[in-house]
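Data file: input35.pdb. Format and content: PDB, C-alpha atoms.
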ATOM      1  CA  MET T   3       0.000   0.000   0.000  1.00  0.00           C
ATOM      2  CA  PHE T   4       2.779   2.427   0.975  1.00  0.00           C
ATOM      3  CA  TYR T   5       4.596   1.617  -2.281  1.00  0.00           C
ATOM      4  CA  ASP T   6       1.429   2.384  -4.281  1.00  0.00           C
ATOM      5  CA  ILE T   7       1.024   5.751  -2.546  1.00  0.00           C
ATOM      6  CA  ILE T   8       4.639   6.704  -3.279  1.00  0.00           C
ATOM      7  CA  LYS T   9       4.191   5.556  -6.866  1.00  0.00           C
ATOM      8  CA  ARG T  10       1.070   7.680  -7.275  1.00  0.00           C
ATOM      9  CA  ILE T  11       2.800  10.776  -5.891  1.00  0.00           C
ATOM     10  CA  LYS T  12       5.675  10.192  -8.297  1.00  0.00           C
ATOM     11  CA  PHE T  13       3.284  10.072 -11.234  1.00  0.00           C
ATOM     12  CA  LEU T  14       1.401  13.197 -10.178  1.00  0.00           C
ATOM     13  CA  VAL T  15       4.558  15.317  -9.955  1.00  0.00           C
ATOM     14  CA  SER T  16       5.917  13.983 -13.243  1.00  0.00           C
ATOM     15  CA  GLU T  17       5.993  16.293 -16.252  1.00  0.00           C
ATOM     16  CA  LYS T  18       3.844  13.607 -17.951  1.00  0.00           C
ATOM     17  CA  ARG T  19       1.218  13.722 -15.214  1.00  0.00           C
ATOM     18  CA  GLU T  20      -1.567  14.570 -17.674  1.00  0.00           C
ATOM     19  CA  LEU T  21      -0.769  11.411 -19.622  1.00  0.00           C
ATOM     20  CA  TYR T  22      -0.688   9.348 -16.441  1.00  0.00           C
ATOM     21  CA  LEU T  23      -4.065  10.719 -15.380  1.00  0.00           C
ATOM     22  CA  LEU T  24      -5.497  10.162 -18.855  1.00  0.00           C
ATOM     23  CA  PHE T  25      -4.566   6.489 -18.856  1.00  0.00           C
ATOM     24  CA  TYR T  26      -5.492   6.080 -15.191  1.00  0.00           C
ATOM     25  CA  ASN T  27      -9.057   7.070 -16.086  1.00  0.00           C
ATOM     26  CA  ILE T  28      -9.108   4.413 -18.812  1.00  0.00           C
ATOM     27  CA  LEU T  29      -7.245   1.623 -17.015  1.00  0.00           C
ATOM     28  CA  GLY T  30      -8.122   2.089 -13.363  1.00  0.00           C
ATOM     29  CA  PHE T  31      -4.414   2.078 -12.409  1.00  0.00           C
ATOM     30  CA  TYR T  32      -1.320   4.172 -13.093  1.00  0.00           C
ATOM     31  CA  PRO T  33       1.029   2.835 -15.783  1.00  0.00           C
ATOM     32  CA  SER T  34       4.606   2.056 -14.831  1.00  0.00           C
ATOM     33  CA  ASN T  35       5.961   2.449 -18.372  1.00  0.00           C
ATOM     34  CA  ILE T  36       3.883   5.230 -19.890  1.00  0.00           C
ATOM     35  CA  ASP T  37       5.701   4.953 -23.227  1.00  0.00           C
ATOM     36  CA  LEU T  38       4.091   1.561 -23.876  1.00  0.00           C
ATOM     37  CA  TYR T  39       0.623   3.088 -23.651  1.00  0.00           C
ATOM     38  CA  VAL T  40       1.546   6.025 -25.857  1.00  0.00           C
ATOM     39  CA  GLU T  41       2.821   3.533 -28.426  1.00  0.00           C
ATOM     40  CA  ALA T  42      -0.431   1.569 -28.150  1.00  0.00           C
ATOM     41  CA  MET T  43      -2.309   4.655 -29.312  1.00  0.00           C
ATOM     42  CA  ALA T  44       0.012   5.352 -32.268  1.00  0.00           C
ATOM     43  CA  HIS T  45      -1.685   4.349 -35.510  1.00  0.00           C
ATOM     44  CA  ARG T  46       0.862   3.660 -38.215  1.00  0.00           C
ATOM     45  CA  SER T  47      -0.515   6.484 -40.354  1.00  0.00           C
ATOM     46  CA  ALA T  48       0.809   8.987 -37.766  1.00  0.00           C
ATOM     47  CA  MET T  49       4.425   8.181 -38.754  1.00  0.00           C
ATOM     48  CA  LYS T  50       5.696   8.831 -35.230  1.00  0.00           C
ATOM     49  CA  ARG T  51       9.451   8.305 -34.643  1.00  0.00           C
ATOM     50  CA  ASP T  52      11.477   7.649 -31.496  1.00  0.00           C
ATOM     51  CA  ALA T  53      14.705   9.422 -30.487  1.00  0.00           C
ATOM     52  CA  ASN T  54      16.668   7.179 -32.856  1.00  0.00           C
ATOM     53  CA  GLY T  55      14.451   7.966 -35.818  1.00  0.00           C
ATOM     54  CA  LYS T  56      12.714   4.575 -35.799  1.00  0.00           C
ATOM     55  CA  LEU T  57       9.062   4.588 -36.833  1.00  0.00           C
ATOM     56  CA  ILE T  58       6.690   3.805 -33.960  1.00  0.00           C
ATOM     57  CA  ASP T  59       3.221   2.343 -34.357  1.00  0.00           C
ATOM     58  CA  ASN T  60       0.947   0.038 -32.386  1.00  0.00           C
ATOM     59  CA  GLU T  61       0.981  -2.977 -34.712  1.00  0.00           C
ATOM     60  CA  ARG T  62       3.424  -5.076 -32.675  1.00  0.00           C
ATOM     61  CA  LEU T  63       1.479  -4.358 -29.480  1.00  0.00           C
ATOM     62  CA  GLU T  64      -1.737  -5.166 -31.342  1.00  0.00           C
ATOM     63  CA  PHE T  65      -0.273  -8.534 -32.346  1.00  0.00           C
ATOM     64  CA  LEU T  66       0.664  -9.282 -28.742  1.00  0.00           C
ATOM     65  CA  GLY T  67      -2.609  -7.991 -27.325  1.00  0.00           C
ATOM     66  CA  ASP T  68      -4.630 -10.145 -29.732  1.00  0.00           C
ATOM     67  CA  SER T  69      -2.958 -13.287 -28.344  1.00  0.00           C
ATOM     68  CA  VAL T  70      -3.287 -12.151 -24.726  1.00  0.00           C
ATOM     69  CA  LEU T  71      -6.948 -11.322 -25.270  1.00  0.00           C
ATOM     70  CA  ASP T  72      -7.657 -14.779 -26.714  1.00  0.00           C
ATOM     71  CA  SER T  73      -5.874 -16.468 -23.811  1.00  0.00           C
ATOM     72  CA  VAL T  74      -7.533 -14.394 -21.091  1.00  0.00           C
ATOM     73  CA  VAL T  75     -11.033 -14.735 -22.535  1.00  0.00           C
ATOM     74  CA  ALA T  76     -10.510 -18.503 -22.860  1.00  0.00           C
ATOM     75  CA  HIS T  77      -9.332 -18.580 -19.221  1.00  0.00           C
ATOM     76  CA  ILE T  78     -12.373 -16.628 -18.015  1.00  0.00           C
ATOM     77  CA  LEU T  79     -14.814 -18.806 -19.968  1.00  0.00           C
ATOM     78  CA  TYR T  80     -13.119 -22.001 -18.801  1.00  0.00           C
ATOM     79  CA  ASN T  81     -13.646 -20.948 -15.165  1.00  0.00           C
ATOM     80  CA  LYS T  82     -17.110 -19.489 -15.672  1.00  0.00           C
ATOM     81  CA  PHE T  83     -18.640 -22.438 -17.548  1.00  0.00           C
ATOM     82  CA  PRO T  84     -17.102 -25.641 -16.101  1.00  0.00           C
ATOM     83  CA  LYS T  85     -19.762 -27.921 -17.643  1.00  0.00           C
ATOM     84  CA  GLN T  86     -19.707 -26.537 -21.170  1.00  0.00           C
ATOM     85  CA  LYS T  87     -17.920 -28.296 -24.014  1.00  0.00           C
ATOM     86  CA  GLU T  88     -15.165 -26.941 -26.248  1.00  0.00           C
ATOM     87  CA  GLY T  89     -17.538 -25.925 -29.046  1.00  0.00           C
ATOM     88  CA  PHE T  90     -19.553 -23.655 -26.746  1.00  0.00           C
ATOM     89  CA  LEU T  91     -16.411 -22.085 -25.296  1.00  0.00           C
ATOM     90  CA  THR T  92     -14.927 -21.456 -28.742  1.00  0.00           C
ATOM     91  CA  SER T  93     -18.149 -19.945 -30.066  1.00  0.00           C
ATOM     92  CA  THR T  94     -18.573 -17.655 -27.045  1.00  0.00           C
ATOM     93  CA  ARG T  95     -14.969 -16.504 -27.199  1.00  0.00           C
ATOM     94  CA  SER T  96     -15.327 -15.638 -30.895  1.00  0.00           C
ATOM     95  CA  LYS T  97     -18.311 -13.409 -30.075  1.00  0.00           C
ATOM     96  CA  ILE T  98     -16.402 -11.575 -27.347  1.00  0.00           C
ATOM     97  CA  VAL T  99     -13.263 -10.940 -29.413  1.00  0.00           C
ATOM     98  CA  GLN T 100     -15.028 -10.137 -32.686  1.00  0.00           C
ATOM     99  CA  ARG T 101     -13.866  -6.842 -34.193  1.00  0.00           C
ATOM    100  CA  GLU T 102     -17.248  -5.178 -33.956  1.00  0.00           C
ATOM    101  CA  HIS T 103     -17.453  -5.706 -30.190  1.00  0.00           C
ATOM    102  CA  LEU T 104     -13.837  -4.681 -29.551  1.00  0.00           C
ATOM    103  CA  ASN T 105     -14.399  -1.527 -31.575  1.00  0.00           C
ATOM    104  CA  LYS T 106     -17.444  -0.638 -29.466  1.00  0.00           C
ATOM    105  CA  VAL T 107     -15.434  -1.166 -26.284  1.00  0.00           C
ATOM    106  CA  GLY T 108     -12.609   0.992 -27.635  1.00  0.00           C
ATOM    107  CA  LEU T 109     -15.077   3.766 -28.446  1.00  0.00           C
ATOM    108  CA  SER T 110     -16.707   3.499 -25.019  1.00  0.00           C
ATOM    109  CA  LEU T 111     -13.269   3.958 -23.422  1.00  0.00           C
ATOM    110  CA  GLY T 112     -12.709   7.089 -25.501  1.00  0.00           C
ATOM    111  CA  LEU T 113      -9.773   5.689 -27.453  1.00  0.00           C
ATOM    112  CA  ASP T 114     -10.974   7.479 -30.595  1.00  0.00           C
ATOM    113  CA  SER T 115     -10.034  10.796 -28.973  1.00  0.00           C
ATOM    114  CA  ILE T 116      -6.456   9.811 -28.137  1.00  0.00           C
ATOM    115  CA  ILE T 117      -5.400   7.581 -31.054  1.00  0.00           C
ATOM    116  CA  LYS T 118      -2.738   9.375 -33.053  1.00  0.00           C
ATOM    117  CA  CYS T 119      -3.626   9.272 -36.751  1.00  0.00           C
ATOM    118  CA  SER T 120      -2.428  11.280 -39.728  1.00  0.00           C
ATOM    119  CA  SER T 121      -5.874  12.640 -40.501  1.00  0.00           C
ATOM    120  CA  ILE T 122      -9.547  12.417 -39.539  1.00  0.00           C
ATOM    121  CA  MET T 123     -10.533   9.130 -37.936  1.00  0.00           C
ATOM    122  CA  PRO T 124     -11.889   6.570 -40.408  1.00  0.00           C
ATOM    123  CA  SER T 125     -15.611   5.984 -40.868  1.00  0.00           C
ATOM    124  CA  HIS T 126     -17.805   4.144 -38.388  1.00  0.00           C
ATOM    125  CA  ASN T 127     -17.242   0.757 -39.995  1.00  0.00           C
ATOM    126  CA  SER T 128     -13.485   0.904 -39.371  1.00  0.00           C
ATOM    127  CA  TYR T 129     -11.899  -1.081 -36.574  1.00  0.00           C
ATOM    128  CA  VAL T 130      -9.150   1.377 -35.615  1.00  0.00           C
ATOM    129  CA  CYS T 131     -10.434   1.623 -32.022  1.00  0.00           C
ATOM    130  CA  GLY T 132     -10.699  -2.154 -31.726  1.00  0.00           C
ATOM    131  CA  ASN T 133      -7.139  -2.540 -32.967  1.00  0.00           C
ATOM    132  CA  ALA T 134      -5.962   0.104 -30.484  1.00  0.00           C
ATOM    133  CA  LEU T 135      -7.773  -1.756 -27.698  1.00  0.00           C
ATOM    134  CA  GLU T 136      -5.805  -4.891 -28.547  1.00  0.00           C
ATOM    135  CA  ALA T 137      -2.594  -2.853 -28.517  1.00  0.00           C
ATOM    136  CA  LEU T 138      -3.610  -1.458 -25.124  1.00  0.00           C
ATOM    137  CA  VAL T 139      -4.013  -5.003 -23.799  1.00  0.00           C
ATOM    138  CA  GLY T 140      -0.523  -5.772 -25.118  1.00  0.00           C
ATOM    139  CA  ALA T 141       0.837  -2.725 -23.295  1.00  0.00           C
ATOM    140  CA  ILE T 142      -0.841  -3.749 -20.025  1.00  0.00           C
ATOM    141  CA  TYR T 143       0.594  -7.259 -20.320  1.00  0.00           C
ATOM    142  CA  LEU T 144       4.145  -5.971 -20.835  1.00  0.00           C
ATOM    143  CA  ASP T 145       3.808  -3.270 -18.177  1.00  0.00           C
ATOM    144  CA  ARG T 146       1.908  -5.026 -15.386  1.00  0.00           C
ATOM    145  CA  GLY T 147       1.720  -8.714 -16.308  1.00  0.00           C
ATOM    146  CA  TYR T 148      -0.948 -11.313 -16.958  1.00  0.00           C
ATOM    147  CA  GLU T 149      -3.067 -10.680 -13.856  1.00  0.00           C
ATOM    148  CA  ALA T 150      -3.467  -6.976 -14.668  1.00  0.00           C
ATOM    149  CA  ALA T 151      -4.414  -7.836 -18.254  1.00  0.00           C
ATOM    150  CA  TYR T 152      -6.893 -10.413 -16.949  1.00  0.00           C
ATOM    151  CA  ASP T 153      -8.494  -7.879 -14.610  1.00  0.00           C
ATOM    152  CA  PHE T 154      -8.713  -5.181 -17.305  1.00  0.00           C
ATOM    153  CA  ILE T 155     -10.300  -7.527 -19.864  1.00  0.00           C
ATOM    154  CA  LEU T 156     -12.801  -8.828 -17.324  1.00  0.00           C
ATOM    155  CA  ARG T 157     -13.806  -5.299 -16.267  1.00  0.00           C
ATOM    156  CA  LYS T 158     -13.724  -3.478 -19.583  1.00  0.00           C
ATOM    157  CA  VAL T 159     -14.181  -6.024 -22.375  1.00  0.00           C
ATOM    158  CA  ILE T 160     -16.481  -8.630 -20.833  1.00  0.00           C
ATOM    159  CA  ASP T 161     -17.983  -6.853 -17.820  1.00  0.00           C
ATOM    160  CA  LYS T 162     -21.716  -7.652 -17.392  1.00  0.00           C
ATOM    161  CA  SER T 163     -22.178  -8.819 -20.978  1.00  0.00           C
ATOM    162  CA  LEU T 164     -20.807 -12.332 -20.511  1.00  0.00           C
ATOM    163  CA  GLU T 165     -24.160 -14.023 -20.072  1.00  0.00           C
ATOM    164  CA  SER T 166     -25.590 -12.362 -23.177  1.00  0.00           C
ATOM    165  CA  PHE T 167     -22.543 -13.395 -25.225  1.00  0.00           C
ATOM    166  CA  ALA T 168     -22.993 -16.950 -24.004  1.00  0.00           C
ATOM    167  CA  SER T 169     -26.671 -17.084 -24.972  1.00  0.00           C
ATOM    168  CA  VAL T 170     -27.101 -14.942 -28.079  1.00  0.00           C
ATOM    169  CA  GLU T 171     -27.050 -16.791 -31.395  1.00  0.00           C
ATOM    170  CA  VAL T 172     -25.062 -14.816 -33.925  1.00  0.00           C
ATOM    171  CA  ASN T 173     -24.410 -17.455 -36.581  1.00  0.00           C
ATOM    172  CA  TYR T 174     -26.654 -15.809 -39.150  1.00  0.00           C
ATOM    173  CA  LYS T 175     -25.194 -17.868 -41.980  1.00  0.00           C
ATOM    174  CA  SER T 176     -26.391 -21.071 -40.321  1.00  0.00           C
ATOM    175  CA  LYS T 177     -29.791 -19.518 -39.752  1.00  0.00           C
ATOM    176  CA  ILE T 178     -30.272 -18.548 -43.382  1.00  0.00           C
ATOM    177  CA  ILE T 179     -29.087 -21.970 -44.552  1.00  0.00           C
ATOM    178  CA  GLU T 180     -31.757 -23.482 -42.303  1.00  0.00           C
ATOM    179  CA  TRP T 181     -34.364 -21.186 -43.927  1.00  0.00           C
ATOM    180  CA  VAL T 182     -33.208 -22.291 -47.377  1.00  0.00           C
ATOM    181  CA  GLN T 183     -33.415 -25.969 -46.454  1.00  0.00           C
ATOM    182  CA  ARG T 184     -36.899 -25.574 -44.975  1.00  0.00           C
ATOM    183  CA  ASN T 185     -38.099 -23.929 -48.163  1.00  0.00           C
ATOM    184  CA  LYS T 186     -36.310 -26.468 -50.398  1.00  0.00           C
ATOM    185  CA  THR T 187     -34.353 -23.909 -52.370  1.00  0.00           C
ATOM    186  CA  THR T 188     -30.657 -23.077 -52.876  1.00  0.00           C
ATOM    187  CA  ILE T 189     -28.237 -20.467 -51.602  1.00  0.00           C
ATOM    188  CA  ASP T 190     -24.936 -19.095 -52.894  1.00  0.00           C
ATOM    189  CA  PHE T 191     -22.481 -16.650 -51.358  1.00  0.00           C
ATOM    190  CA  GLU T 192     -20.787 -14.837 -54.218  1.00  0.00           C
ATOM    191  CA  LEU T 193     -17.628 -12.779 -53.746  1.00  0.00           C
ATOM    192  CA  ILE T 194     -18.339  -9.463 -55.487  1.00  0.00           C
ATOM    193  CA  SER T 195     -15.064  -7.646 -54.858  1.00  0.00           C
ATOM    194  CA  THR T 196     -11.932  -7.425 -52.745  1.00  0.00           C
ATOM    195  CA  SER T 197     -10.320  -4.102 -51.893  1.00  0.00           C
ATOM    196  CA  MET T 198      -7.971  -2.480 -49.386  1.00  0.00           C
ATOM    197  CA  GLU T 199      -9.234   0.076 -46.868  1.00  0.00           C
ATOM    198  CA  SER T 200      -7.095   3.175 -47.294  1.00  0.00           C
ATOM    199  CA  ASP T 201      -7.043   4.210 -43.615  1.00  0.00           C
ATOM    200  CA  THR T 202      -6.109   0.838 -42.116  1.00  0.00           C
ATOM    201  CA  ASN T 203      -4.676  -0.968 -45.155  1.00  0.00           C
ATOM    202  CA  SER T 204      -6.957  -3.866 -44.246  1.00  0.00           C
ATOM    203  CA  PRO T 205      -8.567  -6.122 -46.872  1.00  0.00           C
ATOM    204  CA  VAL T 206     -12.310  -5.624 -47.367  1.00  0.00           C
ATOM    205  CA  PHE T 207     -14.484  -8.347 -48.875  1.00  0.00           C
ATOM    206  CA  ARG T 208     -17.896  -7.696 -50.428  1.00  0.00           C
ATOM    207  CA  SER T 209     -20.145 -10.750 -50.750  1.00  0.00           C
ATOM    208  CA  ALA T 210     -23.664 -11.202 -52.111  1.00  0.00           C
ATOM    209  CA  VAL T 211     -26.385 -13.610 -50.990  1.00  0.00           C
ATOM    210  CA  VAL T 212     -28.241 -15.288 -53.846  1.00  0.00           C
ATOM    211  CA  ILE T 213     -31.194 -17.500 -52.879  1.00  0.00           C
ATOM    212  CA  GLY T 214     -32.954 -19.645 -55.429  1.00  0.00           C
ATOM    213  CA  GLY T 215     -31.164 -17.760 -58.178  1.00  0.00           C
ATOM    214  CA  VAL T 216     -32.508 -14.430 -56.865  1.00  0.00           C
ATOM    215  CA  TYR T 217     -30.104 -11.702 -55.735  1.00  0.00           C
ATOM    216  CA  VAL T 218     -31.056 -10.691 -52.187  1.00  0.00           C
ATOM    217  CA  CYS T 219     -28.375  -8.359 -50.810  1.00  0.00           C
ATOM    218  CA  GLU T 220     -24.671  -7.850 -50.277  1.00  0.00           C
ATOM    219  CA  ALA T 221     -22.400  -6.690 -47.456  1.00  0.00           C
ATOM    220  CA  GLU T 222     -18.772  -6.005 -46.602  1.00  0.00           C
ATOM    221  CA  GLY T 223     -16.500  -7.537 -43.989  1.00  0.00           C
ATOM    222  CA  TYR T 224     -12.842  -7.707 -43.092  1.00  0.00           C
ATOM    223  CA  THR T 225     -12.859 -11.442 -43.899  1.00  0.00           C
ATOM    224  CA  LYS T 226     -14.946 -13.517 -46.321  1.00  0.00           C
ATOM    225  CA  LYS T 227     -16.565 -15.211 -43.334  1.00  0.00           C
ATOM    226  CA  GLU T 228     -17.506 -11.884 -41.794  1.00  0.00           C
ATOM    227  CA  SER T 229     -18.971 -10.606 -45.058  1.00  0.00           C
ATOM    228  CA  HIS T 230     -21.058 -13.803 -45.266  1.00  0.00           C
ATOM    229  CA  GLN T 231     -22.315 -13.316 -41.707  1.00  0.00           C
ATOM    230  CA  ILE T 232     -23.242  -9.666 -42.187  1.00  0.00           C
ATOM    231  CA  ALA T 233     -24.911 -10.350 -45.540  1.00  0.00           C
ATOM    232  CA  SER T 234     -26.798 -13.311 -44.026  1.00  0.00           C
ATOM    233  CA  LYS T 235     -28.082 -11.150 -41.170  1.00  0.00           C
ATOM    234  CA  LYS T 236     -29.233  -8.554 -43.662  1.00  0.00           C
ATOM    235  CA  ALA T 237     -30.888 -11.189 -45.848  1.00  0.00           C
ATOM    236  CA  LEU T 238     -32.742 -12.754 -42.916  1.00  0.00           C
ATOM    237  CA  LYS T 239     -34.209  -9.375 -42.004  1.00  0.00           C
ATOM    238  CA  MET T 240     -35.296  -8.797 -45.604  1.00  0.00           C
ATOM    239  CA  LEU T 241     -36.908 -12.239 -45.862  1.00  0.00           C
ATOM    240  CA  ALA T 242     -38.797 -11.653 -42.610  1.00  0.00           C
ATOM    241  CA  HIS T 243     -40.315  -8.355 -43.772  1.00  0.00           C
ATOM    242  CA  ASP T 244     -40.558  -8.600 -47.551  1.00  0.00           C
ATOM    243  CA  ALA T 245     -43.286 -10.991 -48.720  1.00  0.00           C
ATOM    244  CA  ASP T 246     -42.677 -10.082 -52.363  1.00  0.00           C
ATOM    245  CA  LEU T 247     -39.050 -11.160 -52.078  1.00  0.00           C
ATOM    246  CA  ARG T 248     -40.023 -14.463 -50.468  1.00  0.00           C
ATOM    247  CA  ASN T 249     -42.585 -15.145 -53.168  1.00  0.00           C
ATOM    248  CA  LYS T 250     -40.128 -14.270 -55.923  1.00  0.00           C
ATOM    249  CA  ILE T 251     -37.584 -16.732 -54.539  1.00  0.00           C
ATOM    250  CA  LEU T 252     -40.076 -19.542 -54.070  1.00  0.00           C
ATOM    251  CA  LEU T 253     -41.756 -19.012 -57.445  1.00  0.00           C
ATOM    252  CA  ASN T 254     -38.369 -18.905 -59.138  1.00  0.00           C
ATOM    253  CA  GLU T 255     -37.683 -22.409 -57.878  1.00  0.00           C
ATOM    254  CA  GLN T 256     -40.851 -23.877 -59.393  1.00  0.00           C
TER
END
Taking this structure as input, can you express it in the form of structure tokens?
Amino acid sequence: MFYDIIKRIKFLVSEKRELYLLFYNILGFYPSNIDLYVEAMAHRSAMKRDANGKLIDNERLEFLGDSVLDSVVAHILYNKFPKQKEGFLTSTRSKIVQREHLNKVGLSLGLDSIIKCSSIMPSHNSYVCGNALEALVGAIYLDRGYEAAYDFILRKVIDKSLESFASVEVNYKSKIIEWVQRNKTTIDFELISTSMESDTNSPVFRSAVVIGGVYVCEAEGYTKKESHQIASKKALKMLAHDADLRNKILLNEQ
């Protein structure tokens, strides 16, 4: 306790005290190595350099944080659901660490306001905040160790949402395949295009859902699988509310 008090006083009189306070509000503790956290918020587009002229960005920390996040979430789920099988644990973990959720967490922590980019933050469908969150986890792991990373992920990434992640069905592709089988028709997922997102240099896949030979919709994702899931979710909503579309598909099969 005494050591923590001395440590806090040291941070507050430091010339970087504003940075320490900024990250304290996000993390719930004062960093020991503040430079790690600054690096975690450095998007590669910012072209930041260290004293030796070496380019600094958060990609290496993101790589580390991604692995730590997977391990910690698996650890939490293993303890929380002792009777569940591997398939359930894998599925639940994938929901928790999916880019969309991590991006929402990053935004809720206010990372969008402190990430260093070369220009205006990318559009809402970008995962820059989610990537920065992973880098932040990597920084915590290097700075404070596994237990601190575990505690942060439990509080900030999983929090009170664990039960909903464990119960919500998000495999929309399976759902639409079930609809197709019930209605004795066919489904195809066609890759429309592949491009690179300029802000993050990430690949973007656009896929279309074609049911019974009828084009239904298309959607983008950062993987083919993700584009299939998003397009399937969109298609299910359209099928539920558009009787003309349903009739067109079913009549086309006759």
Task: Nearby residues (all atoms listed in the file) at most 9 Å from range 148-151 of chain T, same-chain spacing under 6 positions excluded, as a ChimeraX atom specification - done: /T:70-71,74,139-142
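Each of T:Leu164, T:Leu66, T:Leu38, T:Met43 was checked against Asp114 in chain T using all atoms listed in the file; the smallest atom-to-atom distance is that of T:Met43.
Residues of protein, DNA and RNA with at least one atom no farther than 9 Å from (-28.0, -8.8, -45.5) are, using all atoms listed in the file, T:Ala210, T:Val211, T:Val218, T:Cys219, T:Glu220, T:Ala221, T:His230, T:Gln231, T:Ile232, T:Ala233, T:Ser234, T:Lys235, T:Lys236, T:Ala237, T:Leu238, T:Lys239, T:Met240.
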TODO: For Phe83 in chain T, please output as a list of chain:residue names all residues within 12 Å (counting all atoms listed in the file; exclusion window: fewer than 6 positions along the same chain).
DONE: T:Val75, T:Ala76, T:His77, T:Phe90, T:Leu91, T:Thr92, T:Thr94, T:Arg95, T:Leu164, T:Glu165, T:Ala168
- [ ] Calculate how many Å separate CA of Thr225 in chain T from CA of Ala137 in chain T, rounding to one decimal.
- [x] 20.4 Å
- [ ] Report as a VMD selection string the full result of the PyMOL selection byres ((chain T and resi 158-162) around 10) when it is applied to this structure.
- [x] chain T and resid 28 to 29 71 75 78 98 to 99 103 to 104 106 to 108 110 to 111 135 153 to 157 163 to 167
- [ ] For the point (-23.7, -22.0, -48.8) in the file's frame, write as number ranges by chain all residues with an atom no more than 10 Å away, counting all atoms listed in the file.
- [x] T: 175-176, 178-179, 182, 188-192, 211-213, 230
Task: Non-local contacts of Lys226 in chain T (9 Å; all atoms listed in the file; under 3 positions in same chain excluded) as a ChimeraX atom specification - done: /T:193,206-209,222-223,229-231
Next, write the just-selected residues to a file, as a compact mmCIF listing (two decimals), in the frame of the given file, keeping C-alpha atoms as the atom set.
# COMPACT_ATOMS: atom_id res chain seq x y z
CA LEU T 193 -17.63 -12.78 -53.75
CA VAL T 206 -12.31 -5.62 -47.37
CA PHE T 207 -14.48 -8.35 -48.88
CA ARG T 208 -17.90 -7.70 -50.43
CA SER T 209 -20.14 -10.75 -50.75
CA GLU T 222 -18.77 -6.00 -46.60
CA GLY T 223 -16.50 -7.54 -43.99
CA SER T 229 -18.97 -10.61 -45.06
CA HIS T 230 -21.06 -13.80 -45.27
CA GLN T 231 -22.32 -13.32 -41.71
First collect every listed atom of range 75-91 of chain T; then fit an axis-aligned box around them, widen it by 6 Å on each side, and give centre and edge lengths in Å to one decimal, as lines of an AutoDock Vina configuration file.
center_x = -14.5
center_y = -21.5
center_z = -22.1
size_x = 22.4
size_y = 25.6
size_z = 25.9
Open item on the list: Between CA of Gly132 in chain T and CA of Leu109 in chain T, what distance in Å does the model show, to one decimal?
Closed with: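 Between CA of Gly132 in chain T and CA of Leu109 in chain T the gap is 8.1 Å.
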- [ ] For CA of Lys227 in chain T and CA of Glu180 in chain T, quote the distance in Å rounded to one decimal.
- [x] 17.3 Å
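Evaluated on this file, the PyMOL selection byres ((chain T and resi 40) around 10) matches T:Leu21, T:Phe25, T:Asn35, T:Ile36, T:Asp37, T:Leu38, T:Tyr39, T:Glu41, T:Ala42, T:Met43, T:Ala44, T:Ile58, T:Asp59, T:Asn60, T:Ile116, T:Ile117, T:Lys118, T:Leu138, T:Ala141.
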For the selection you just gave me, I'd like the residues written to a file as a compact mmCIF listing (two decimals), keeping the file's coordinate frame, keeping C-alpha atoms.
# COMPACT_ATOMS: atom_id res chain seq x y z
CA LEU T 21 -0.77 11.41 -19.62
CA PHE T 25 -4.57 6.49 -18.86
CA ASN T 35 5.96 2.45 -18.37
CA ILE T 36 3.88 5.23 -19.89
CA ASP T 37 5.70 4.95 -23.23
CA LEU T 38 4.09 1.56 -23.88
CA TYR T 39 0.62 3.09 -23.65
CA GLU T 41 2.82 3.53 -28.43
CA ALA T 42 -0.43 1.57 -28.15
CA MET T 43 -2.31 4.66 -29.31
CA ALA T 44 0.01 5.35 -32.27
CA ILE T 58 6.69 3.80 -33.96
CA ASP T 59 3.22 2.34 -34.36
CA ASN T 60 0.95 0.04 -32.39
CA ILE T 116 -6.46 9.81 -28.14
CA ILE T 117 -5.40 7.58 -31.05
CA LYS T 118 -2.74 9.38 -33.05
CA LEU T 138 -3.61 -1.46 -25.12
CA ALA T 141 0.84 -2.72 -23.30
Could you tell me which residues the PyMOL selection byres ((chain T and resi 185) around 10) grabs in this file, written as a PDB file with C-alpha atoms, in the frame of the given file?
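And here's out_30.pdb as it stands now:
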ATOM      1  CA  ILE T 179     -29.087 -21.970 -44.552  1.00  0.00           C
ATOM      2  CA  GLU T 180     -31.757 -23.482 -42.303  1.00  0.00           C
ATOM      3  CA  TRP T 181     -34.364 -21.186 -43.927  1.00  0.00           C
ATOM      4  CA  VAL T 182     -33.208 -22.291 -47.377  1.00  0.00           C
ATOM      5  CA  GLN T 183     -33.415 -25.969 -46.454  1.00  0.00           C
ATOM      6  CA  ARG T 184     -36.899 -25.574 -44.975  1.00  0.00           C
ATOM      7  CA  LYS T 186     -36.310 -26.468 -50.398  1.00  0.00           C
ATOM      8  CA  THR T 187     -34.353 -23.909 -52.370  1.00  0.00           C
ATOM      9  CA  THR T 188     -30.657 -23.077 -52.876  1.00  0.00           C
ATOM     10  CA  GLY T 214     -32.954 -19.645 -55.429  1.00  0.00           C
ATOM     11  CA  ARG T 248     -40.023 -14.463 -50.468  1.00  0.00           C
ATOM     12  CA  ILE T 251     -37.584 -16.732 -54.539  1.00  0.00           C
ATOM     13  CA  LEU T 252     -40.076 -19.542 -54.070  1.00  0.00           C
ATOM     14  CA  GLU T 255     -37.683 -22.409 -57.878  1.00  0.00           C
TER      15      GLU T 255
END
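Among T:Ser69, T:Ser34, T:Asn254, T:Ser204, the residue with the shortest atom-to-atom distance to Tyr217 in chain T, counting only C-alpha atoms, is T:Asn254.
When all atoms listed in the file are used to measure the gap to Val130 in chain T, the shortest distance among T:Glu61, T:Lys97, T:Met198, T:Lys85 belongs to T:Glu61.
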